[in-house]
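Data first, discussion second: the structure below is written as structure tokens.
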Amino acid sequence: MPPRSIRFGPRLVVVLLAALVLIRPARAVSCVTSSEMNTAQRDKLAQAARTLGGEIQAGNVAAVRQATIAAVASQFDPIAASIQSIAPQIQSAALIIDALYLLKASDLKSTQEETQFFCSVGGSALIVTLTIPQLPPGDYALFLLRATGVEHSQRLTLLVQNDPSGSADWKLAGFFPRPMTAAGHDGVWFWKQARDYAQKNDGWNAYFYYETAAFLLTPVDFLSSPNLEKLQKEAQTVRPPEMPTMNKPLMLKAANQSFEVTGLRTDSSLGGLDLVIDYKTKDVSDPVATHAQIVELMKAMLAQYPQLRQAFHGLWVYAHAANQNPYAIELPMNQIS
């Protein structure tokens with residue numbers, strides 16, 4: 001398979017809510033779960049979830065925009081792009097409501113830097129915590145949906161607000177899609193594989209499989225639960241000490257070259273699970289020279305960490321140079337030697 005050469009511009013970020021003035025942390029908030037709601041509340045929220053979810057599933061961008069609060073509708077392009085990307089994958093999916101949360105924040109005096117809701121899990125002592133940044137006063141709800149029964153199942157998390165304009169309708173305030181599988185496996189599978197690698201003292205592969213599991217099993221980044229916290233704790237126990245951070249890159253050496261690796265993550269957009277490597281370089285304007293440099297980095301990475309070959313389909317490397325778009329190629333493991 002020939003290498004894929006790609007140039008990328010800045011990534012789109014899904015808009016949550018317009019940022020307003022920041023003040024001290026929130027106090028006067030509450031969360032009601034579906035098991036605690038009365039029938040009328042639960043039915044109304046479930047209908048709103050099905051309606052909005054159905055419009056997203058159908059790719060009806062105009063209808064979703066119409067059902068979005070003004071502050072988010074004015075910056076709707078990232079949400080539109082997300083809908084257009086996932087709608088073809090889930091048009092024939094079964095849309096399932098996993099959870100409904102009613103979030104009361106109307107007693108806030110102004111927008112908070114961070115608003116935290118503690119939501120009881122029915123029939124247990126467990127608590128789901130929602131920590132939402134930049135949340136203006138108002139009444140909100142969070143819908144956790146699954147679009148399943150298709151090749152690429154998706155989680156659809158919708159933050160909605162009781163329309164501040166006075167219509168009493170629930171309108172979209174944030175949209176957070178996330179795949180449920182990577183390379184044909186779900187998050188539980190990756191969690192089990194991570195534990196197997198950990199038992200073999202293979203911290204590198206264990207850590208990336210834990211991180212992949214966490215991404216697939218977490219509906220949205222501002223939600224935490226005891227189970228997800230357990231997963232993250234397991235991941236941190238095997239995290240390799242040389243893993244690159246913002247202030248401490250991973251340095252790789254090959255022949256007369258030295259590579260400054262600034263980030264490592266996984267990606268399955270090409271089908272198999274790839275390890276993605278970000279590194280800094282001086283210039284990427286010459287594609288032939290950059291391609292050769294990237295291949296040398298790949299060889300250096302696998303020479304230093306040969307165990308990666310068994311856990312990943314290939315390596316996908318992004319070369320970053322100041323004031324230039326990144327340059328990237330992906331190669332399967334059997335083409336890196």
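Each chain of the structure tokens is named A, B, ... in the order shown, its residues numbered from 1; ligands are numbered from 1 in display order.
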Counting only C-alpha atoms, what is within 9 Å of segment 246-250 of chain A, bar same-chain residues fewer than 3 positions away, as a VMD selection string?
chain A and resid 242 to 243 259 to 263 279
Those residues you just picked out, can you put them in a file as a compact mmCIF listing (two decimals), in the first residue's frame with C-alpha atoms?
# COMPACT_ATOMS: atom_id res chain seq x y z
CA GLU A 242 9.37 9.36 28.88
CA MET A 243 5.93 10.15 27.43
CA PHE A 259 13.83 14.27 16.50
CA GLU A 260 11.78 16.28 19.00
CA VAL A 261 8.54 14.36 19.53
CA THR A 262 5.88 16.59 21.11
CA GLY A 263 2.84 14.33 21.11
CA TYR A 279 7.25 16.24 16.01
Using backbone DSSP assignments, extract all helix (DSSP H, G or I) residues from segment 19-63 of chain A; output them as a PyMOL selection string.
chain A and resi 34-36+39-57+61-63
Counting only C-alpha atoms, which residues in segment 171-273 of chain A sit no more than 12 Å from segment 50-61 of chain A? For each one, give the nearest pair of atoms and the distance in Å, sorted by chain then residue number, as JSON lines.
{"residue": "A:Lys171", "atom": "CA", "partner": "A:Leu52", "partner_atom": "CA", "distance": 8.7}
{"residue": "A:Leu172", "atom": "CA", "partner": "A:Leu52", "partner_atom": "CA", "distance": 8.1}
{"residue": "A:Ala173", "atom": "CA", "partner": "A:Leu52", "partner_atom": "CA", "distance": 11.6}
{"residue": "A:Gly174", "atom": "CA", "partner": "A:Leu52", "partner_atom": "CA", "distance": 11.7}
{"residue": "A:Phe175", "atom": "CA", "partner": "A:Ile56", "partner_atom": "CA", "distance": 9.9}
{"residue": "A:Phe176", "atom": "CA", "partner": "A:Ile56", "partner_atom": "CA", "distance": 11.5}
{"residue": "A:Pro177", "atom": "CA", "partner": "A:Ile56", "partner_atom": "CA", "distance": 10.3}
Need the shell around Ser34 of chain A: protein/DNA/RNA residues with any atom at most 8 Å away, counting only C-alpha atoms. Skip same-chain ones fewer than 4 positions apart. Format as an NGL selection string?
:A and (42 or 99-102)
Would you give me, as number ranges by chain, the residues in segment 20-193 of chain A that DSSP reads as strand (DSSP E or B)?
A: 23, 30-33, 68, 94-105, 112-120, 127-135, 138-148, 154-162, 170-179, 181-182, 185-186
Env of Val276 of chain A: 9 Å cut, atoms = only C-alpha atoms, seq-sep filter 3 positions within chain, self excluded. Answer as a list in words.
Gly263, Leu264, Arg265, Thr266, Asp267, Gly314, Leu315, Trp316, Val317, Tyr318 and Glu330 of chain A
Include N, CA and C atoms and write out the residues we just selected as a PDB file, in the first residue's frame.
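Wrote again_14.pdb, looks like this:
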ATOM      1  N   GLY A 263       4.116  14.942  20.781  1.00  0.00           N
ATOM      2  CA  GLY A 263       2.836  14.327  21.110  1.00  0.00           C
ATOM      3  C   GLY A 263       2.697  12.937  20.554  1.00  0.00           C
ATOM      4  N   LEU A 264       1.962  12.071  21.271  1.00  0.00           N
ATOM      5  CA  LEU A 264       1.677  10.702  20.851  1.00  0.00           C
ATOM      6  C   LEU A 264       0.219  10.401  21.176  1.00  0.00           C
ATOM      7  N   ARG A 265      -0.487   9.770  20.237  1.00  0.00           N
ATOM      8  CA  ARG A 265      -1.886   9.417  20.449  1.00  0.00           C
ATOM      9  C   ARG A 265      -2.248   8.307  19.465  1.00  0.00           C
ATOM     10  N   THR A 266      -3.474   7.821  19.527  1.00  0.00           N
ATOM     11  CA  THR A 266      -3.906   6.788  18.589  1.00  0.00           C
ATOM     12  C   THR A 266      -4.955   7.344  17.635  1.00  0.00           C
ATOM     13  N   ASP A 267      -5.111   6.660  16.496  1.00  0.00           N
ATOM     14  CA  ASP A 267      -6.092   7.069  15.483  1.00  0.00           C
ATOM     15  C   ASP A 267      -6.477   5.839  14.668  1.00  0.00           C
ATOM     16  N   GLY A 314       0.070   0.649  12.105  1.00  0.00           N
ATOM     17  CA  GLY A 314       1.142   1.430  11.485  1.00  0.00           C
ATOM     18  C   GLY A 314       1.417   2.689  12.275  1.00  0.00           C
ATOM     19  N   LEU A 315       2.255   3.533  11.704  1.00  0.00           N
ATOM     20  CA  LEU A 315       2.580   4.827  12.297  1.00  0.00           C
ATOM     21  C   LEU A 315       2.098   5.928  11.372  1.00  0.00           C
ATOM     22  N   TRP A 316       1.550   6.972  11.974  1.00  0.00           N
ATOM     23  CA  TRP A 316       1.087   8.143  11.230  1.00  0.00           C
ATOM     24  C   TRP A 316       1.811   9.331  11.840  1.00  0.00           C
ATOM     25  N   VAL A 317       2.686   9.960  11.065  1.00  0.00           N
ATOM     26  CA  VAL A 317       3.565  10.994  11.613  1.00  0.00           C
ATOM     27  C   VAL A 317       3.237  12.355  11.007  1.00  0.00           C
ATOM     28  N   TYR A 318       3.097  13.361  11.898  1.00  0.00           N
ATOM     29  CA  TYR A 318       2.883  14.746  11.503  1.00  0.00           C
ATOM     30  C   TYR A 318       4.158  15.539  11.750  1.00  0.00           C
ATOM     31  N   GLU A 330       1.298   8.220   6.523  1.00  0.00           N
ATOM     32  CA  GLU A 330       0.995   7.019   7.291  1.00  0.00           C
ATOM     33  C   GLU A 330       1.590   5.832   6.579  1.00  0.00           C
TER      34      GLU A 330
END
I'd like the interatomic distance between atom CA of Asp283 of chain A and atom CA of Ala322 of chain A, to a tenth of an Å.
7.6 Å
Contacts of Lys233 of chain A at 12 Å or less, counting only C-alpha atoms, minus same-chain residues fewer than 6 places along, as an mmCIF file with C-alpha atoms, in the first residue's frame?
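Result saved to selection_38.cif:
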data_model
loop_
_atom_site.group_PDB
_atom_site.id
_atom_site.type_symbol
_atom_site.label_atom_id
_atom_site.label_comp_id
_atom_site.auth_asym_id
_atom_site.auth_seq_id
_atom_site.Cartn_x
_atom_site.Cartn_y
_atom_site.Cartn_z
ATOM 1 C CA TYR A 207 -1.010 3.045 28.136
ATOM 2 C CA TYR A 210 -6.073 2.475 28.071
ATOM 3 C CA GLU A 211 -6.240 5.933 26.490
ATOM 4 C CA ALA A 214 -11.114 6.009 27.793
ATOM 5 C CA PRO A 226 -16.348 6.205 39.293
ATOM 6 C CA ASN A 227 -15.881 3.674 36.490
ATOM 7 C CA ARG A 239 2.177 5.666 31.812
#
12 Å contact set for Leu308 of chain A, only C-alpha atoms, chain neighbours under 3 positions out, as JSON, numbers by chain
{"A": [197, 202, 203, 204, 205, 206, 207, 208, 209, 266, 273, 274, 275, 276, 298, 299, 300, 301, 302, 303, 304, 305, 311, 312, 313, 314, 315, 332, 333]}
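Counting only C-alpha atoms, Gln116 of chain A has the following residues at most 10 Å away, ignoring those fewer than 6 positions along the same chain: Pro25, Ala26, Arg27, Ala28, Val29, Ser30, Cys31, Leu103, Ala105, Thr129, Leu130, Thr131, Ile132, Pro133, Leu135, Phe222 and Leu223 of chain A.
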Each residue of segment 196-291 of chain A with at least one atom at most 7 Å from segment 182-187 of chain A should appear once, together with its nearest atom pair and the corresponding distance in Å (one decimal); atoms considered: only C-alpha atoms; ordering: chain, then increasing residue number; output as a Markdown table.
| residue | atom | partner | partner_atom | distance |
| --- | --- | --- | --- | --- |
| A:Ala213 | CA | A:Gly187 | CA | 4.2 |
| A:Ala214 | CA | A:Gly187 | CA | 6.9 |
| A:Leu216 | CA | A:Gly187 | CA | 5.1 |
| A:Leu217 | CA | A:Gly187 | CA | 5.4 |
| A:Ser268 | CA | A:Ala182 | CA | 5.5 |
| A:Gly271 | CA | A:Ala183 | CA | 5.4 |
| A:Gly272 | CA | A:Ala183 | CA | 4.7 |
| A:Leu273 | CA | A:Ala183 | CA | 5.5 |
